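Data file: final-v9.txt. Format and content: compact mmCIF, C-alpha atoms.
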# COMPACT_ATOMS: atom_id res chain seq x y z
CA MET E 18 -76.89 -4.08 -114.19
CA CYS E 19 -79.09 -1.00 -113.98
CA VAL E 20 -77.12 2.25 -113.82
CA ILE E 21 -78.96 4.97 -111.93
CA SER E 22 -78.56 8.38 -113.56
CA GLU E 23 -78.37 11.74 -111.82
CA GLU E 24 -81.45 12.80 -113.76
CA ALA E 25 -83.45 9.92 -112.32
CA ILE E 26 -82.32 10.79 -108.79
CA ASN E 27 -83.26 14.45 -109.29
CA GLN E 28 -86.69 13.51 -110.64
CA PHE E 29 -87.24 11.17 -107.69
CA GLU E 30 -86.23 13.91 -105.26
CA ALA E 31 -88.65 16.37 -106.86
CA LEU E 32 -91.52 13.88 -106.52
CA MET E 33 -90.71 13.28 -102.86
CA GLU E 34 -91.05 16.98 -102.12
CA GLN E 35 -94.75 16.65 -102.86
CA VAL E 36 -95.66 13.86 -100.42
CA ASP E 37 -97.56 14.35 -97.16
CA GLU E 38 -95.76 15.64 -94.08
CA ALA E 39 -96.32 12.40 -92.17
CA LEU E 40 -94.51 10.49 -94.88
CA ILE E 41 -91.71 13.06 -94.96
CA THR E 42 -91.16 12.52 -91.23
CA THR E 43 -90.75 8.76 -91.54
CA PHE E 44 -88.68 9.25 -94.71
CA LYS E 45 -86.21 11.36 -92.72
CA ASN E 46 -86.08 8.59 -90.15
CA ILE E 47 -85.14 6.14 -92.88
CA HIS E 48 -82.46 8.11 -94.68
CA GLN E 49 -80.90 9.74 -91.58
CA GLY E 50 -79.48 12.60 -93.60
CA CYS E 51 -78.55 10.54 -96.69
CA PRO E 52 -81.66 10.60 -98.93
CA ARG E 53 -79.60 9.89 -102.04
CA ASP E 54 -78.81 6.39 -100.82
CA THR E 55 -82.51 5.65 -100.39
CA TYR E 56 -83.33 7.03 -103.83
CA VAL E 57 -80.68 4.82 -105.42
CA ARG E 58 -81.84 1.70 -103.57
CA PHE E 59 -85.49 2.08 -104.56
CA LEU E 60 -84.59 3.05 -108.13
CA THR E 61 -82.39 -0.03 -108.40
CA ALA E 62 -85.23 -2.20 -107.11
CA ARG E 63 -87.42 -0.87 -109.92
CA GLU E 64 -84.79 -1.00 -112.68
CA GLY E 65 -84.38 2.77 -112.79
CA ASN E 66 -88.06 3.54 -113.40
CA VAL E 67 -88.68 6.76 -111.46
CA ALA E 68 -92.48 6.48 -111.33
CA LYS E 69 -92.37 2.88 -110.08
CA ALA E 70 -89.63 3.62 -107.56
CA HIS E 71 -91.58 6.61 -106.23
CA ALA E 72 -94.76 4.54 -105.88
CA MET E 73 -92.79 1.81 -104.11
CA LEU E 74 -91.24 4.25 -101.64
CA VAL E 75 -94.55 5.99 -100.93
CA ASP E 76 -96.18 2.61 -100.28
CA SER E 77 -93.32 1.68 -97.95
CA LEU E 78 -93.57 4.96 -96.05
CA THR E 79 -97.34 4.54 -95.74
CA TRP E 80 -96.80 1.02 -94.37
CA ARG E 81 -94.34 2.41 -91.83
CA VAL E 82 -96.75 5.11 -90.65
CA GLN E 83 -99.76 2.79 -90.46
CA ASN E 84 -97.82 0.17 -88.51
CA GLU E 85 -95.78 2.58 -86.36
CA ILE E 86 -92.50 1.08 -87.56
CA ASP E 87 -90.57 4.14 -86.39
CA ASP E 88 -91.47 3.10 -82.82
CA ILE E 89 -90.85 -0.62 -83.14
CA LEU E 90 -87.42 -0.40 -81.49
CA ALA E 91 -89.18 0.76 -78.33
CA LYS E 92 -91.42 -2.32 -78.14
CA PRO E 93 -89.46 -5.18 -76.56
CA ILE E 94 -90.69 -8.73 -76.77
CA ILE E 95 -91.27 -9.75 -73.16
CA PRO E 96 -90.87 -11.64 -70.94
CA THR E 97 -87.22 -12.48 -71.61
CA GLU E 98 -87.99 -16.20 -71.61
CA LEU E 99 -90.27 -15.70 -74.61
CA TYR E 100 -87.66 -13.68 -76.46
CA ARG E 101 -85.04 -16.37 -75.74
CA ALA E 102 -87.39 -18.99 -77.18
CA ILE E 103 -87.78 -16.85 -80.33
CA ARG E 104 -84.00 -16.50 -80.65
CA ASP E 105 -83.63 -20.28 -80.29
CA SER E 106 -86.15 -20.93 -83.07
CA GLN E 107 -85.48 -17.98 -85.42
CA LEU E 108 -81.74 -18.37 -85.89
CA ILE E 109 -80.26 -14.98 -86.74
CA GLY E 110 -77.05 -13.37 -85.56
CA MET E 111 -74.27 -10.92 -86.33
CA PRO E 112 -70.80 -12.35 -85.65
CA GLY E 113 -68.78 -9.40 -86.97
CA TYR E 114 -67.76 -7.35 -89.99
CA THR E 115 -65.95 -7.84 -93.27
CA ARG E 116 -62.58 -6.15 -93.73
CA GLU E 117 -64.43 -3.49 -95.73
CA GLY E 118 -66.67 -2.77 -92.75
CA LEU E 119 -69.86 -4.51 -93.90
CA PRO E 120 -71.86 -6.12 -91.09
CA VAL E 121 -72.03 -9.91 -91.43
CA PHE E 122 -75.43 -11.43 -90.65
CA ALA E 123 -75.85 -15.17 -90.21
CA PHE E 124 -79.07 -17.13 -90.75
CA GLY E 125 -79.73 -20.73 -89.74
CA ALA E 126 -82.08 -21.48 -92.62
CA GLY E 127 -81.91 -25.23 -92.04
CA LEU E 128 -82.46 -25.35 -88.28
CA SER E 129 -84.90 -22.49 -87.71
CA THR E 130 -88.20 -23.99 -86.58
CA PHE E 131 -90.36 -20.88 -85.97
CA ASP E 132 -92.46 -22.93 -83.58
CA LYS E 133 -92.16 -21.17 -80.21
CA ALA E 134 -94.37 -18.13 -80.81
CA SER E 135 -96.97 -16.66 -83.15
CA VAL E 136 -96.21 -15.42 -86.65
CA HIS E 137 -96.60 -11.85 -85.37
CA TYR E 138 -93.77 -12.26 -82.87
CA TYR E 139 -91.40 -13.61 -85.51
CA VAL E 140 -92.28 -10.81 -87.92
CA GLN E 141 -91.80 -8.24 -85.14
CA SER E 142 -88.41 -9.72 -84.29
CA HIS E 143 -87.33 -9.69 -87.93
CA ILE E 144 -88.33 -6.06 -88.45
CA GLN E 145 -86.62 -5.04 -85.21
CA ILE E 146 -83.34 -6.56 -86.38
CA ASN E 147 -83.72 -4.75 -89.72
CA GLU E 148 -84.33 -1.45 -87.95
CA TYR E 149 -81.50 -2.01 -85.45
CA ARG E 150 -79.18 -2.74 -88.37
CA ASP E 151 -80.20 0.46 -90.16
CA HIS E 152 -80.29 2.80 -87.15
CA VAL E 153 -77.53 1.44 -84.93
CA ILE E 154 -75.22 -1.07 -86.63
CA LEU E 155 -74.71 0.70 -89.97
CA PRO E 156 -74.18 4.19 -88.47
CA ALA E 157 -71.67 2.69 -86.03
CA ALA E 158 -69.86 0.93 -88.88
CA THR E 159 -69.79 4.19 -90.85
CA LYS E 160 -68.15 5.93 -87.92
CA LYS E 161 -65.73 3.08 -87.18
CA TYR E 162 -64.49 2.60 -90.74
CA GLY E 163 -64.56 6.27 -91.76
CA LYS E 164 -66.78 5.81 -94.81
CA HIS E 165 -70.49 5.58 -95.56
CA ILE E 166 -71.70 2.01 -95.01
CA SER E 167 -75.35 1.34 -95.77
CA LYS E 168 -75.44 -2.37 -96.62
CA SER E 169 -74.54 -5.75 -95.18
CA LEU E 170 -73.94 -9.30 -96.33
CA LYS E 171 -75.65 -12.51 -95.29
CA VAL E 172 -74.39 -16.03 -94.70
CA LEU E 173 -77.17 -18.63 -94.91
CA ASP E 174 -76.50 -22.00 -93.27
CA MET E 175 -78.46 -24.90 -94.73
CA THR E 176 -77.37 -27.48 -92.15
CA GLY E 177 -80.30 -29.60 -91.03
CA LEU E 178 -82.57 -28.60 -93.91
CA LYS E 179 -85.72 -30.71 -93.80
CA LEU E 180 -88.83 -31.05 -95.90
CA SER E 181 -90.75 -30.11 -92.76
CA ALA E 182 -89.38 -26.58 -93.26
CA LEU E 183 -92.09 -26.24 -95.90
CA ASN E 184 -94.55 -25.89 -93.03
CA GLN E 185 -93.15 -22.39 -92.51
CA ILE E 186 -93.61 -21.26 -96.12
CA LYS E 187 -96.27 -18.68 -95.14
CA LEU E 188 -93.99 -16.99 -92.60
CA LEU E 189 -90.98 -17.05 -94.93
CA THR E 190 -93.10 -15.54 -97.69
CA ILE E 191 -94.26 -12.73 -95.37
CA ILE E 192 -90.70 -11.94 -94.29
CA SER E 193 -89.45 -11.99 -97.89
CA SER E 194 -92.17 -9.62 -99.05
CA ILE E 195 -91.53 -7.21 -96.16
CA ASP E 196 -87.84 -7.08 -97.04
CA ASP E 197 -88.43 -6.77 -100.79
CA LEU E 198 -90.93 -3.95 -100.47
CA ASN E 199 -89.51 -1.97 -97.55
CA TYR E 200 -85.79 -2.75 -97.26
CA PRO E 201 -84.65 -3.16 -100.88
CA GLU E 202 -81.00 -3.44 -101.85
CA LYS E 203 -79.69 -3.61 -98.29
CA VAL E 204 -77.61 -6.75 -98.93
CA VAL E 205 -74.55 -6.88 -101.20
CA ALA E 206 -74.12 -10.67 -101.20
CA TYR E 207 -75.72 -13.90 -100.03
CA TYR E 208 -73.33 -16.75 -99.20
CA ILE E 209 -74.93 -20.18 -98.89
CA VAL E 210 -73.01 -22.78 -96.90
CA ASN E 211 -73.47 -26.39 -95.76
CA ALA E 212 -75.99 -26.86 -98.57
CA PRO E 213 -77.38 -30.36 -99.28
CA TYR E 214 -77.78 -31.54 -102.84
CA ILE E 215 -81.50 -30.78 -102.86
CA PHE E 216 -80.73 -27.08 -102.65
CA SER E 217 -78.38 -27.27 -105.64
CA ALA E 218 -80.96 -29.18 -107.65
CA CYS E 219 -83.75 -26.75 -106.82
CA TRP E 220 -81.49 -23.72 -107.30
CA LYS E 221 -81.17 -24.57 -110.99
CA VAL E 222 -84.94 -24.22 -111.30
CA VAL E 223 -85.50 -21.08 -109.24
CA LYS E 224 -82.39 -19.18 -110.31
CA PRO E 225 -83.98 -17.94 -113.57
CA LEU E 226 -86.81 -16.37 -111.55
CA LEU E 227 -84.40 -13.89 -110.00
CA GLN E 228 -83.35 -10.69 -111.66
CA GLU E 229 -79.76 -10.59 -112.86
CA ARG E 230 -78.64 -8.23 -110.10
CA THR E 231 -80.00 -10.65 -107.48
CA ARG E 232 -78.51 -13.76 -109.12
CA LYS E 233 -75.09 -12.14 -109.08
CA LYS E 234 -75.35 -11.65 -105.32
CA VAL E 235 -75.87 -15.35 -104.54
CA GLN E 236 -72.85 -17.63 -104.11
CA ILE E 237 -73.05 -21.27 -103.05
CA LEU E 238 -69.81 -22.05 -101.21
CA SER E 239 -68.16 -25.42 -100.72
CA GLY E 240 -68.69 -27.04 -97.34
CA CYS E 241 -68.90 -24.63 -94.43
CA GLY E 242 -67.49 -21.84 -96.62
CA GLN E 243 -64.58 -21.03 -94.31
CA ASP E 244 -61.89 -20.75 -97.00
CA ASP E 245 -63.94 -18.44 -99.20
CA LEU E 246 -65.23 -16.27 -96.37
CA LEU E 247 -61.74 -15.78 -94.92
CA LYS E 248 -60.89 -13.91 -98.12
CA ILE E 249 -63.23 -11.09 -97.08
CA MET E 250 -63.34 -11.28 -93.27
CA ASP E 251 -61.15 -12.26 -90.32
CA TYR E 252 -61.60 -15.55 -88.51
CA SER E 253 -63.15 -13.74 -85.54
CA SER E 254 -66.02 -12.54 -87.75
CA LEU E 255 -66.88 -15.97 -89.14
CA PRO E 256 -70.25 -17.35 -88.03
CA HIS E 257 -69.73 -20.21 -85.58
CA PHE E 258 -70.95 -22.77 -88.15
CA CYS E 259 -68.16 -21.75 -90.55
CA ARG E 260 -65.25 -22.07 -88.14
CA ARG E 261 -64.27 -25.62 -88.97
CA GLU E 262 -65.31 -28.34 -91.38
CA GLY E 263 -68.04 -30.53 -90.04
CA SER E 264 -68.91 -28.19 -87.18
CA GLY E 265 -72.44 -27.89 -88.46
CA SER E 266 -74.90 -25.27 -87.32
CA SER E 267 -76.03 -26.52 -83.95
CA ARG E 268 -77.92 -23.69 -82.34
CA TYR E 269 -76.09 -24.61 -79.13
CA SER E 270 -72.60 -25.31 -80.49
CA GLY E 271 -69.70 -23.79 -78.60
CA SER E 272 -70.09 -21.18 -75.88
CA SER E 273 -72.89 -18.61 -75.87
CA ASN E 274 -70.40 -15.91 -76.83
CA GLU E 275 -69.34 -17.89 -79.90
CA ASN E 276 -72.83 -18.95 -81.01
CA CYS E 277 -74.09 -15.83 -82.79
CA TYR E 278 -77.69 -17.11 -82.66
CA SER E 279 -77.80 -17.19 -78.88
CA LEU E 280 -79.48 -14.46 -76.87
CA ASP E 281 -76.31 -14.49 -74.76
CA HIS E 282 -74.18 -13.42 -77.74
CA PRO E 283 -73.00 -9.78 -77.47
CA PHE E 284 -74.96 -8.71 -80.56
CA HIS E 285 -78.27 -9.95 -79.19
CA GLN E 286 -77.55 -8.69 -75.70
CA GLN E 287 -76.83 -5.19 -77.04
CA HIS E 288 -79.82 -5.33 -79.39
CA TYR E 289 -82.27 -6.43 -76.69
CA ASP E 290 -80.89 -3.96 -74.14
CA TYR E 291 -81.23 -1.15 -76.68
CA ILE E 292 -84.91 -1.93 -77.26
CA LYS E 293 -85.65 -2.08 -73.54
CA GLN E 294 -83.85 1.22 -72.99
CA GLN E 295 -85.81 2.87 -75.80
CA ALA E 296 -89.02 1.61 -74.22
CA LEU E 297 -88.09 3.23 -70.91
CA LEU E 298 -87.14 6.51 -72.57
CA ARG E 299 -90.45 6.74 -74.42
CA ARG E 300 -92.63 5.34 -71.65
CA PRO E 301 -90.86 6.22 -68.37
CA VAL E 302 -94.02 5.89 -66.26
CA ARG E 303 -96.21 3.26 -67.86
CA PRO E 304 -94.99 -0.38 -67.72
CA VAL E 305 -94.12 -2.05 -71.00
CA LYS E 306 -97.05 -4.08 -72.28
CA GLN E 307 -96.75 -7.72 -73.15
CA GLY E 308 -98.00 -8.96 -76.51
CA SER E 309 -96.72 -8.91 -80.07
CA VAL E 310 -96.83 -6.00 -82.48
CA HIS E 311 -99.30 -6.73 -85.26
CA VAL E 312 -97.89 -5.54 -88.56
CA ASP E 313 -99.85 -5.55 -91.81
CA PHE E 314 -98.54 -8.27 -94.09
CA PRO E 315 -97.97 -7.35 -97.76
CA ASP E 316 -100.03 -9.35 -100.22
CA ALA E 317 -98.08 -8.33 -103.33
CA VAL E 318 -96.11 -10.92 -105.26
CA THR E 319 -92.45 -9.93 -105.16
CA GLU E 320 -89.24 -11.46 -106.45
CA GLY E 321 -88.57 -12.85 -103.01
CA THR E 322 -92.00 -14.39 -102.45
CA GLU E 323 -91.97 -16.01 -105.90
CA PHE E 324 -88.52 -17.41 -105.14
CA VAL E 325 -89.59 -18.84 -101.77
CA GLN E 326 -92.79 -20.37 -103.11
CA THR E 327 -91.10 -21.92 -106.16
CA LEU E 328 -88.25 -23.25 -104.04
CA ALA E 329 -90.79 -24.87 -101.71
CA SER E 330 -92.58 -26.43 -104.66
CA GLU E 331 -89.33 -27.88 -105.98
CA PHE E 332 -88.46 -29.22 -102.53
CA GLN E 333 -91.78 -31.07 -102.47
CA LYS E 334 -91.19 -32.54 -105.93
CA PHE E 335 -87.69 -33.62 -105.01
CA GLY E 336 -88.87 -35.19 -101.78
CA LYS E 337 -91.61 -37.21 -103.49
CA GLN E 338 -89.25 -38.36 -106.25
CA ASN E 339 -86.58 -39.49 -103.80
CA GLY E 340 -88.78 -40.70 -100.96
CA LEU E 341 -87.36 -38.17 -98.53
CA ALA E 342 -89.36 -37.27 -95.47
CA GLN E 343 -86.93 -35.79 -93.01
CA SER E 344 -83.28 -34.65 -93.06
CA LEU E 345 -81.60 -33.85 -96.34
CA ASP E 346 -78.08 -33.58 -94.95
CA ASP E 347 -76.99 -36.93 -96.33
CA LEU E 348 -77.13 -35.50 -99.85
CA ASN E 349 -74.19 -33.11 -99.84
CA ILE E 350 -73.87 -30.41 -102.44
CA ASP E 351 -70.08 -30.79 -102.74
CA ASP E 352 -70.55 -34.06 -104.62
CA HIS E 353 -72.65 -32.37 -107.28
CA LEU E 354 -71.10 -28.93 -107.87
CA ALA E 355 -69.02 -29.86 -110.93
Give the structure from the file, written as structure tokens.
Amino acid sequence: MCVISEEAINQFEALMEQVDEALITTFKNIHQGCPRDTYVRFLTAREGNVAKAHAMLVDSLTWRVQNEIDDILAKPIIPTELYRAIRDSQLIGMPGYTREGLPVFAFGAGLSTFDKASVHYYVQSHIQINEYRDHVILPAATKKYGKHISKSLKVLDMTGLKLSALNQIKLLTIISSIDDLNYPEKVVAYYIVNAPYIFSACWKVVKPLLQERTRKKVQILSGCGQDDLLKIMDYSSLPHFCRREGSGSSRYSGSSNENCYSLDHPFHQQHYDYIKQQALLRRPVRPVKQGSVHVDFPDAVTEGTEFVQTLASEFQKFGKQNGLAQSLDDLNIDDHLA
């Protein structure tokens, strides 16, 4: 693992003192008084190379300025019916925290369809959750747990994974590249649950594409992952799809308060209300405009985009070899982990 030296941090800091004022403003918005954390994250993403880390951060800041990312939390997706449809097809939620205070984010990788709105709406929603995490959730966790918390963990549910998910490869590649280039090293671990055998088979192929620090973050858990996850979080913080064996990841399972994907879940209610309030504070007279925010999509090949594209390619090969066209749930990973 790359160890970031004080010398590298000091060199990075000196370079940042020379950037344009507009970039400095958005940089302050990112680090919120803790620039060292940002330096370390970008240096880690570039294996400690100061010049590459500086170029990466400047590119990210430029992207933020050009796309008005600092204002994206004041641009609600409306009407509410549209936002609900996005939440029902882009399955993301935050059920709670680990015992160490890290926010737990859940992703329904297998059941997300991304078919209720344009790509721009889904990208906008993804960035808004990233920004809400960084500007609201993490500062609140820092205050609650009495220590600096700047990262989270993710639980990815593969229930319902289908070959038709390959239709969304473009969107998934865009989201991966945005995260890789602009929100590096914000996740300490990825826990994969309810994974069918196809994922295990393809993982063996794509795993070598990832850098060592990323590979170490990924853990494929048995079944719904409840036993393993309870070692680091309380039952109340488990995603709904991890709360009992065989519960699956139905986007409508349980009550709305239990289903962390639902717009009716407290996290999404607070998140959506926050964005609408910010819109009113910044535009108290003019009505909020409908329409998605159009963000420039990165075209660079990143670790994440290469991973997504190779995984999709392996899925296709596996499907052709085994004559699979739809659900892959019948091939369970637990039978093949040994």
Which is closer to Asn199 of chain E than all the others in E:Leu108, E:Asn147, E:His257, E:Ala102, using all atoms listed in the file?
-> E:Asn147
Kindly list the centre and edge lengths in Å, rounded to one decimal, for the axis-aligned box that covers all listed atoms of segment 139-146 of chain E plus 5 Å on each of its six sides, as JSON.
{"center_x": -87.8, "center_y": -9.3, "center_z": -86.4, "size_x": 18.9, "size_y": 18.6, "size_z": 14.2}
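The shortest atom-to-atom distance to Val312 of chain E, with all atoms listed in the file taken into account, belongs to E:Gln145 out of E:Asn274, E:Gln145, E:Ser330, E:Gln28.
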E:Asn46, E:Gln307, E:Ser106, E:Ser254 ranked by distance to Glu148 of chain E, top pick (using all atoms listed in the file) | E:Asn46
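Nearest to Gly127 of chain E of all the residues E:Val140, E:Ala212, E:Ala158, E:Leu90 is E:Ala212, counting only C-alpha atoms.
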Which of these, E:Ile146, E:Leu247, E:Cys19, E:Ile209, has the shortest distance to Asn66 of chain E once you count only C-alpha atoms?
->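 Of all the options, E:Cys19 lies closest to Asn66 of chain E.
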So which residues touch Leu60 of chain E within 10 Å, counting all atoms listed in the file, skipping near sequence neighbours fewer than 4 positions away, as a ChimeraX atom specification?
-> /E:19-22,25-26,29,54-56,64-71,73-74,201-202
Include C-alpha atoms and write out the residues we just selected as a compact mmCIF listing (two decimals), in the coordinates of the input.
# COMPACT_ATOMS: atom_id res chain seq x y z
CA CYS E 19 -79.09 -1.00 -113.98
CA VAL E 20 -77.12 2.25 -113.82
CA ILE E 21 -78.96 4.97 -111.93
CA SER E 22 -78.56 8.38 -113.56
CA ALA E 25 -83.45 9.92 -112.32
CA ILE E 26 -82.32 10.79 -108.79
CA PHE E 29 -87.24 11.17 -107.69
CA ASP E 54 -78.81 6.39 -100.82
CA THR E 55 -82.51 5.65 -100.39
CA TYR E 56 -83.33 7.03 -103.83
CA GLU E 64 -84.79 -1.00 -112.68
CA GLY E 65 -84.38 2.77 -112.79
CA ASN E 66 -88.06 3.54 -113.40
CA VAL E 67 -88.68 6.76 -111.46
CA ALA E 68 -92.48 6.48 -111.33
CA LYS E 69 -92.37 2.88 -110.08
CA ALA E 70 -89.63 3.62 -107.56
CA HIS E 71 -91.58 6.61 -106.23
CA MET E 73 -92.79 1.81 -104.11
CA LEU E 74 -91.24 4.25 -101.64
CA PRO E 201 -84.65 -3.16 -100.88
CA GLU E 202 -81.00 -3.44 -101.85
